[in-house]
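Colleague: Structure: final-v5.cif, mmCIF, C-alpha atoms (C1' of nucleotides).
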```cif
data_structure
#
loop_
_atom_site.label_atom_id
_atom_site.label_comp_id
_atom_site.auth_asym_id
_atom_site.auth_seq_id
_atom_site.Cartn_x
_atom_site.Cartn_y
_atom_site.Cartn_z
CA MET C 23 -13.10 -53.79 5.33
CA VAL C 24 -12.01 -53.28 1.76
CA GLN C 25 -14.37 -56.14 1.00
CA TYR C 26 -17.31 -54.20 2.43
CA VAL C 27 -16.59 -51.25 0.20
CA ASP C 28 -16.28 -53.68 -2.67
CA ALA C 29 -19.61 -55.30 -1.85
CA ARG C 30 -21.31 -51.92 -1.57
CA LEU C 31 -19.82 -50.85 -4.89
CA ASP C 32 -20.99 -54.14 -6.43
CA ALA C 33 -24.52 -53.54 -5.13
CA SER C 34 -24.61 -49.87 -6.12
CA PHE C 35 -23.34 -50.43 -9.66
CA ALA C 36 -25.63 -53.44 -10.10
CA ALA C 37 -28.63 -51.44 -8.88
CA LEU C 38 -27.81 -48.70 -11.39
CA SER C 39 -27.36 -51.09 -14.31
CA ASP C 40 -31.08 -51.19 -15.08
CA SER C 41 -32.76 -48.26 -16.78
CA THR C 42 -36.08 -48.86 -15.01
CA ARG C 43 -34.31 -48.51 -11.69
CA ARG C 44 -32.49 -45.39 -12.82
CA GLY C 45 -35.89 -44.05 -13.84
CA VAL C 46 -37.30 -44.86 -10.42
CA LEU C 47 -34.45 -42.99 -8.74
CA ASP C 48 -35.12 -40.07 -11.03
CA GLN C 49 -38.79 -40.14 -10.16
CA LEU C 50 -38.15 -40.40 -6.42
CA GLY C 51 -35.82 -37.43 -6.80
CA ARG C 52 -38.89 -35.42 -7.75
CA ASP C 53 -41.23 -36.79 -5.12
CA GLN C 54 -41.81 -39.80 -2.92
CA ALA C 55 -44.14 -42.45 -4.32
CA SER C 56 -45.94 -45.67 -3.46
CA ILE C 57 -45.21 -49.00 -5.12
CA SER C 58 -48.51 -48.67 -7.04
CA ASP C 59 -47.59 -45.20 -8.31
CA LEU C 60 -44.27 -46.48 -9.61
CA ALA C 61 -45.72 -49.68 -11.04
CA GLU C 62 -48.24 -47.69 -13.03
CA ARG C 63 -45.74 -45.11 -14.25
CA PHE C 64 -43.28 -47.77 -15.41
CA GLN C 65 -46.02 -50.07 -16.72
CA MET C 66 -45.31 -53.16 -14.77
CA THR C 67 -46.95 -55.31 -12.13
CA LEU C 68 -46.85 -54.38 -8.48
CA THR C 69 -44.77 -57.47 -7.80
CA GLY C 70 -42.27 -56.55 -10.49
CA MET C 71 -41.86 -53.03 -9.17
CA ARG C 72 -41.58 -54.34 -5.63
CA LYS C 73 -38.55 -56.35 -6.71
CA HIS C 74 -36.86 -53.31 -8.20
CA ILE C 75 -37.50 -51.38 -5.02
CA GLY C 76 -36.02 -54.29 -3.09
CA VAL C 77 -32.82 -54.08 -5.14
CA LEU C 78 -32.61 -50.32 -4.60
CA GLU C 79 -33.26 -50.77 -0.88
CA ARG C 80 -30.60 -53.45 -0.51
CA ALA C 81 -28.16 -51.16 -2.32
CA GLY C 82 -29.06 -48.46 0.22
CA LEU C 83 -30.33 -46.05 -2.41
CA VAL C 84 -33.96 -46.02 -1.35
CA VAL C 85 -35.77 -46.29 1.96
CA THR C 86 -39.37 -47.35 2.36
CA GLU C 87 -41.95 -47.20 5.09
CA LYS C 88 -45.28 -48.94 5.22
CA VAL C 89 -48.18 -47.03 6.71
CA GLY C 90 -51.54 -48.73 6.62
CA ARG C 91 -51.65 -50.58 3.36
CA VAL C 92 -49.33 -48.34 1.34
CA ARG C 93 -45.57 -48.53 1.24
CA THR C 94 -43.97 -45.19 0.53
CA CYS C 95 -40.57 -45.04 -1.17
CA ARG C 96 -38.07 -42.20 -0.86
CA LEU C 97 -34.49 -41.59 -1.84
CA SER C 98 -32.19 -42.47 1.03
CA ASP C 99 -29.45 -40.11 2.13
CA HIS C 100 -26.95 -42.39 0.34
CA ARG C 101 -25.50 -39.92 -2.12
CA LEU C 102 -23.56 -42.44 -4.19
CA ASP C 103 -20.36 -40.89 -2.91
CA GLU C 104 -18.43 -44.16 -3.01
CA VAL C 105 -19.41 -44.68 -6.61
CA ALA C 106 -18.44 -41.11 -7.45
CA ALA C 107 -15.12 -41.58 -5.66
CA TRP C 108 -14.34 -44.78 -7.57
CA LEU C 109 -15.19 -43.07 -10.83
CA ALA C 110 -13.15 -39.97 -10.06
CA GLN C 111 -10.13 -42.07 -9.19
CA TYR C 112 -10.53 -44.10 -12.37
CA GLN C 113 -10.75 -41.01 -14.53
CA GLN C 114 -7.81 -39.42 -12.79
CA ARG C 115 -5.63 -42.46 -13.41
CA TRP C 116 -6.89 -42.63 -16.96
CA ASP C 117 -5.70 -39.06 -17.46
CA GLU C 118 -2.35 -39.77 -15.82
CA ARG C 119 -1.90 -42.77 -18.05
CA PHE C 120 -2.40 -40.65 -21.13
CA ASP C 121 -0.05 -38.03 -19.72
CA GLN C 122 2.57 -40.76 -19.47
CA LEU C 123 1.88 -41.67 -23.07
CA ASP C 124 2.46 -38.05 -23.95
CA ASP C 125 5.79 -38.20 -22.14
CA VAL C 126 6.81 -41.35 -23.97
CA ILE C 127 5.88 -39.80 -27.28
CA ALA C 128 7.80 -36.66 -26.38
CA GLU C 129 10.83 -38.71 -25.46
CA LEU C 130 10.67 -40.65 -28.69
CA LYS C 131 10.49 -37.37 -30.55
CA GLN C 132 13.52 -36.08 -28.67
CA ARG C 133 15.40 -39.21 -29.58
CA ASP C 134 14.51 -38.59 -33.22
CA GLU C 135 15.41 -34.90 -33.06
CA PRO C 136 18.08 -34.72 -30.33
CA ASP C 137 18.87 -31.04 -30.84
CA ARG C 138 15.40 -29.79 -29.80
CA THR C 139 15.54 -30.36 -26.03
CA ASP C 140 13.35 -27.48 -24.85
CA GLN C 141 9.98 -28.67 -26.16
CA PRO C 142 7.15 -28.05 -23.74
CA HIS C 143 4.84 -30.97 -22.86
CA LYS C 144 1.18 -30.53 -23.57
CA ARG C 145 -0.26 -31.62 -20.21
CA LYS C 146 1.38 -32.10 -16.82
CA MET G 16 -31.41 -42.31 -29.36
CA VAL G 17 -32.17 -42.00 -25.69
CA GLN G 18 -32.39 -45.79 -25.75
CA TYR G 19 -28.82 -46.05 -27.00
CA VAL G 20 -27.55 -43.95 -24.13
CA ASP G 21 -29.65 -46.09 -21.81
CA ALA G 22 -28.21 -49.29 -23.23
CA ARG G 23 -24.67 -47.96 -22.94
CA LEU G 24 -25.31 -46.92 -19.35
CA ASP G 25 -26.77 -50.36 -18.65
CA ALA G 26 -23.68 -52.03 -20.08
CA SER G 27 -21.23 -49.69 -18.36
CA PHE G 28 -22.82 -49.99 -14.93
CA ALA G 29 -23.19 -53.76 -15.31
CA ALA G 30 -19.54 -54.08 -16.33
CA LEU G 31 -18.51 -52.11 -13.25
CA SER G 32 -20.67 -54.12 -10.86
CA ASP G 33 -18.04 -56.84 -10.43
CA SER G 34 -14.98 -56.25 -8.32
CA THR G 35 -12.78 -58.50 -10.46
CA ARG G 36 -13.60 -56.38 -13.48
CA ARG G 37 -12.96 -53.16 -11.57
CA GLY G 38 -9.63 -54.71 -10.59
CA VAL G 39 -8.85 -55.50 -14.21
CA LEU G 40 -9.59 -51.91 -15.22
CA ASP G 41 -7.32 -50.75 -12.44
CA GLN G 42 -4.59 -53.08 -13.63
CA LEU G 43 -4.94 -52.05 -17.26
CA GLY G 44 -4.72 -48.46 -16.08
CA ARG G 45 -1.16 -49.26 -15.00
CA ASP G 46 -0.17 -51.26 -18.04
CA GLN G 47 -1.57 -53.32 -20.87
CA ALA G 48 -1.71 -57.06 -20.27
CA SER G 49 -2.46 -60.37 -21.93
CA ILE G 50 -5.34 -62.62 -20.95
CA SER G 51 -2.83 -64.98 -19.30
CA ASP G 52 -1.29 -62.17 -17.25
CA LEU G 53 -4.70 -61.13 -15.94
CA ALA G 54 -5.89 -64.69 -15.35
CA GLU G 55 -2.83 -65.38 -13.23
CA ARG G 56 -3.06 -62.13 -11.28
CA PHE G 57 -6.74 -62.64 -10.48
CA GLN G 58 -6.34 -66.37 -9.90
CA MET G 59 -8.79 -67.71 -12.38
CA THR G 60 -8.81 -69.78 -15.53
CA LEU G 61 -7.98 -68.28 -18.91
CA THR G 62 -11.53 -68.96 -20.02
CA GLY G 63 -12.96 -67.18 -16.99
CA MET G 64 -10.81 -64.11 -17.53
CA ARG G 65 -11.63 -64.11 -21.23
CA LYS G 66 -15.30 -63.78 -20.32
CA HIS G 67 -14.66 -60.78 -18.08
CA ILE G 68 -12.64 -59.16 -20.83
CA GLY G 69 -15.53 -59.85 -23.19
CA VAL G 70 -17.91 -58.00 -20.88
CA LEU G 71 -15.52 -55.06 -20.62
CA GLU G 72 -15.05 -55.02 -24.39
CA ARG G 73 -18.78 -55.08 -25.06
CA ALA G 74 -19.20 -52.20 -22.62
CA GLY G 75 -16.54 -50.34 -24.62
CA LEU G 76 -14.18 -50.00 -21.67
CA VAL G 77 -11.40 -52.19 -23.00
CA VAL G 78 -10.01 -52.88 -26.43
CA THR G 79 -8.02 -55.96 -27.37
CA GLU G 80 -5.81 -56.98 -30.22
CA LYS G 81 -4.50 -60.41 -31.00
CA VAL G 82 -0.96 -60.64 -32.31
CA GLY G 83 0.37 -64.11 -32.89
CA ARG G 84 -1.04 -66.22 -30.13
CA VAL G 85 -1.38 -63.54 -27.48
CA ARG G 86 -4.30 -61.17 -27.08
CA THR G 87 -3.31 -57.87 -25.55
CA CYS G 88 -5.85 -55.85 -23.56
CA ARG G 89 -5.78 -52.09 -23.05
CA LEU G 90 -8.11 -49.48 -21.66
CA SER G 91 -10.16 -47.95 -24.43
CA ASP G 92 -10.53 -44.21 -24.77
CA HIS G 93 -14.02 -44.55 -23.26
CA ARG G 94 -13.59 -42.34 -20.21
CA LEU G 95 -16.87 -43.29 -18.56
CA ASP G 96 -18.08 -39.77 -19.23
CA GLU G 97 -21.71 -40.82 -19.66
CA VAL G 98 -21.63 -42.62 -16.35
CA ALA G 99 -20.02 -39.61 -14.69
CA ALA G 100 -22.63 -37.33 -16.26
CA TRP G 101 -25.50 -39.47 -15.01
CA LEU G 102 -24.01 -39.51 -11.55
CA ALA G 103 -23.38 -35.78 -11.47
CA GLN G 104 -26.94 -35.08 -12.52
CA TYR G 105 -28.27 -37.46 -9.90
CA GLN G 106 -26.25 -35.86 -7.14
CA GLN G 107 -27.19 -32.39 -8.26
CA ARG G 108 -30.89 -33.21 -8.16
CA TRP G 109 -30.41 -34.93 -4.83
CA ASP G 110 -28.94 -31.72 -3.45
CA GLU G 111 -31.71 -29.61 -4.95
CA ARG G 112 -34.31 -31.91 -3.44
CA PHE G 113 -32.87 -31.49 0.02
CA ASP G 114 -32.68 -27.75 -0.46
CA GLN G 115 -36.37 -27.81 -1.31
CA LEU G 116 -37.03 -29.81 1.83
CA ASP G 117 -35.29 -27.07 3.78
CA ASP G 118 -37.61 -24.54 2.19
CA VAL G 119 -40.71 -26.57 2.98
CA ILE G 120 -39.64 -26.99 6.57
CA ALA G 121 -38.97 -23.27 6.85
CA GLU G 122 -42.39 -22.47 5.47
CA LEU G 123 -44.09 -24.87 7.85
CA LYS G 124 -42.29 -23.25 10.73
CA GLN G 125 -43.41 -19.86 9.59
CA ARG G 126 -47.01 -21.06 9.43
CA ASP G 127 -46.77 -22.47 12.96
CA GLU G 128 -45.12 -19.43 14.44
CA PRO G 129 -46.17 -16.54 12.21
CA ASP G 130 -44.61 -13.85 14.42
CA ARG G 131 -41.07 -15.30 14.34
CA THR G 132 -40.07 -14.73 10.73
CA ASP G 133 -36.34 -14.31 11.20
CA GLN G 134 -35.36 -17.85 12.31
CA PRO G 135 -32.25 -19.25 10.68
CA HIS G 136 -32.69 -22.54 8.78
CA LYS G 137 -31.21 -25.64 10.24
CA ARG G 138 -29.53 -27.99 7.76
CA LYS G 139 -30.88 -31.48 8.40
"C1'" DG D 5 9.14 -82.70 -36.11
"C1'" DA D 6 7.99 -82.48 -31.33
"C1'" DC D 7 6.57 -79.90 -27.69
"C1'" DA D 8 5.02 -76.06 -25.03
"C1'" DT D 9 2.20 -71.83 -25.01
"C1'" DA D 10 -1.91 -68.86 -25.54
"C1'" DC D 11 -6.03 -68.78 -26.55
"C1'" DT D 12 -10.93 -70.42 -28.10
"C1'" DG D 13 -15.40 -72.82 -28.01
"C1'" DA D 14 -18.66 -75.86 -26.25
"C1'" DA D 15 -20.74 -77.78 -22.49
"C1'" DC D 16 -21.99 -77.69 -17.91
"C1'" DC D 17 -23.32 -75.88 -13.17
"C1'" DA D 18 -25.35 -72.98 -9.56
"C1'" DT D 19 -27.27 -68.84 -8.77
"C1'" DA D 20 -29.26 -64.25 -9.97
"C1'" DT D 21 -32.29 -61.19 -12.77
"C1'" DG D 22 -36.39 -59.30 -14.64
"C1'" DG D 23 -40.43 -60.34 -15.38
"C1'" DT D 24 -45.07 -62.80 -14.90
"C1'" DT D 25 -49.47 -65.04 -12.53
"C1'" DC D 26 -52.14 -66.41 -8.74
"C1'" DA D 27 -53.64 -66.78 -4.22
"C1'" DG D 28 -53.46 -64.78 -0.07
"C1'" DT D 29 -53.44 -60.89 4.05
"C1'" DG D 30 -54.43 -56.79 6.01
"C1'" DT D 31 -56.61 -51.83 5.39
"C1'" DT D 32 -59.81 -48.52 4.08
"C1'" DC D 33 -64.22 -47.08 2.25
"C1'" DT D 34 -69.34 -47.25 1.94
"C1'" DA K 5 -70.59 -56.49 6.68
"C1'" DG K 6 -68.91 -56.42 2.14
"C1'" DA K 7 -66.21 -54.54 -1.51
"C1'" DA K 8 -62.20 -52.44 -3.19
"C1'" DC K 9 -57.41 -51.56 -2.59
"C1'" DA K 10 -52.27 -52.05 -1.72
"C1'" DC K 11 -49.28 -55.03 -1.01
"C1'" DT K 12 -46.89 -59.75 -0.21
"C1'" DG K 13 -45.13 -64.44 -1.11
"C1'" DA K 14 -44.62 -68.42 -3.70
"C1'" DA K 15 -44.07 -70.43 -7.92
"C1'" DC K 16 -42.69 -70.28 -12.45
"C1'" DC K 17 -40.11 -68.90 -16.79
"C1'" DA K 18 -36.39 -67.40 -19.85
"C1'" DT K 19 -32.14 -65.56 -19.91
"C1'" DA K 20 -27.70 -63.89 -17.93
"C1'" DT K 21 -23.63 -64.33 -14.81
"C1'" DG K 22 -19.48 -66.10 -12.95
"C1'" DG K 23 -17.26 -69.70 -12.79
"C1'" DT K 24 -15.44 -74.45 -14.21
"C1'" DT K 25 -13.51 -78.49 -17.34
"C1'" DC K 26 -12.18 -80.48 -21.52
"C1'" DA K 27 -10.99 -80.77 -26.15
"C1'" DG K 28 -9.41 -78.31 -29.81
"C1'" DT K 29 -6.46 -74.78 -32.94
"C1'" DA K 30 -2.90 -71.83 -34.00
"C1'" DT K 31 1.71 -70.15 -32.98
"C1'" DG K 32 6.35 -70.13 -31.18
"C1'" DT K 33 10.65 -72.67 -29.68
"C1'" DC K 34 14.24 -76.28 -29.56
#
```
Starting from the file, give its structure as structure tokens.

Modeller:
Amino acid sequence: MVQYVDARLDASFAALSDSTRRGVLDQLGRDQASISDLAERFQMTLTGMRKHIGVLERAGLVVTEKVGRVRTCRLSDHRLDEVAAWLAQYQQRWDERFDQLDDVIAELKQRDEPDRTDQPHKRK
Amino acid sequence: MVQYVDARLDASFAALSDSTRRGVLDQLGRDQASISDLAERFQMTLTGMRKHIGVLERAGLVVTEKVGRVRTCRLSDHRLDEVAAWLAQYQQRWDERFDQLDDVIAELKQRDEPDRTDQPHKRK
DNA sequence: GACATACTGAACCATATGGTTCAGTGTTCT
DNA sequence: AGAACACTGAACCATATGGTTCAGTATGTC
């Protein structure tokens, strides 16, 4: 099951790694749009845009529905929470790591100046 | 200059779209490591790991330094703030969009039943 | 000096990506 | 019925990705 989360993270990050696709998400955040609309706005062929939409769909970020001859694209209810969670955890650990560095530095300082034992640490 | 941000976002998201690389970041968050250390832990050849490190370096997420014959890898001070900012903005707009949908639905209801103006909104 | 270690670079492989063109298919408009 | 429209699918292209092997090079160790 960890693998599924991993695969979804892979797909989400990969889908977001293209600025055209980020632009499409942005656009769909304003209003739903057809493939033609998006192709015109981002100056590319219908086929090209269809592929981007396919990537976003497979990543679960966009849903589409075809009515008559037009396929309408909308943001899905996938709020990128897993991505946000990964990122938050990364940043938290990053901060902790630098707190530890602070501690090490403080300890080294204490070793250098052993009589000043009541120095406050910056963070933590 | 918007393009530079775009390119950095591209590189950051692309770097994060592989679970081995996310694992490496995680590992480096605990402690610095050599290419050999990482290659062994993630069960791949030195050359393979070197490539992943190259991707992470180019994305600015990792810095390396070669001393003697060993290259040591560390997290860089790049805290993924741009990525976090993009994500936060996306989620914020996503929320706003669904709030707007609530409003539209409420208005439609009012138009259908003009005498019942005090109905509470239902959150989708 | 001989040998092991740690990495590097080139070459290769299969597959994916980001795009195109071109030839359909099905829908809507007149 | 015929034309215009919106999309689809296949084929193609150049480049990137995620991995490998193999043959170096530089650096430590005995």

Colleague: Counting all atoms listed in the file, which residues in range 61-100 of chain C sit no more than 9 Å from range 15-24 of chain D? For each one, give the nearest pair of atoms and the distance in Å, sorted by chain then residue number, as a Markdown table.

Modeller:
```
| residue | atom | partner | partner_atom | distance |
| --- | --- | --- | --- | --- |
| C:Met66 | CA | D:DG23 | C1' | 8.7 |
| C:Thr67 | CA | D:DT24 | C1' | 8.2 |
| C:Thr69 | CA | D:DT24 | C1' | 8.9 |
| C:Gly70 | CA | D:DG23 | C1' | 6.5 |
| C:Lys73 | CA | D:DG22 | C1' | 8.7 |
| C:His74 | CA | D:DG22 | C1' | 8.8 |
```

Colleague: The PyMOL selection byres ((chain G) within 10 of (chain D)) - which residues does that actually catch in the file I just gave you? List them as a tab-separated table (two decimals) with C-alpha atoms, in the frame of the given file.

Modeller:
```tsv
chain	number	residue	atom	x	y	z
G	49	SER	CA	-2.46	-60.37	-21.93
G	50	ILE	CA	-5.34	-62.62	-20.95
G	51	SER	CA	-2.83	-64.98	-19.30
G	61	LEU	CA	-7.98	-68.28	-18.91
G	62	THR	CA	-11.53	-68.96	-20.02
G	65	ARG	CA	-11.63	-64.11	-21.23
G	81	LYS	CA	-4.50	-60.41	-31.00
G	83	GLY	CA	0.37	-64.11	-32.89
G	84	ARG	CA	-1.04	-66.22	-30.13
G	85	VAL	CA	-1.38	-63.54	-27.48
G	86	ARG	CA	-4.30	-61.17	-27.08
```

Colleague: Hey, could you make a per-residue contact list for chain C against chain G with 6 Å as the cut-off, showing the nearest pair of atoms and its distance in Å to one decimal, counting only C-alpha atoms, sorted by chain and number, as a tab-separated table?

Modeller:
```
residue	atom	partner	partner_atom	distance
C:Asp32	CA	G:Ser32	CA	4.4
C:Phe35	CA	G:Ser32	CA	4.7
C:Ala36	CA	G:Ser32	CA	5.1
C:Ser39	CA	G:Asp25	CA	4.4
C:Asp40	CA	G:Asp25	CA	5.7
```

Colleague: Kindly provide, as a CSV table (one decimal) with C-alpha atoms (C1' of nucleotides), in the coordinates of the input, the residues of chain K having any atom no farther than 10 Å from an atom of chain C, counting only C-alpha atoms (C1' of nucleotides).

Modeller:
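Resulting contents of out_21.csv:
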```
chain,number,residue,atom,x,y,z
K,9,DC,C1',-57.4,-51.6,-2.6
K,10,DA,C1',-52.3,-52.0,-1.7
K,11,DC,C1',-49.3,-55.0,-1.0
K,12,DT,C1',-46.9,-59.8,-0.2
K,13,DG,C1',-45.1,-64.4,-1.1
```

Colleague: I'd like the interatomic distance between CA of Leu78 in chain C and CA of Val46 in chain C, to a tenth of an Å.

Modeller: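 Atom-to-atom, CA of Leu78 in chain C to CA of Val46 in chain C, that is 9.3 Å.
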
Colleague: Using CA of Gln65 in chain C and C1' of DA15 in chain K as the two end points, give the distance in Å to one decimal.

Modeller: 22.3 Å
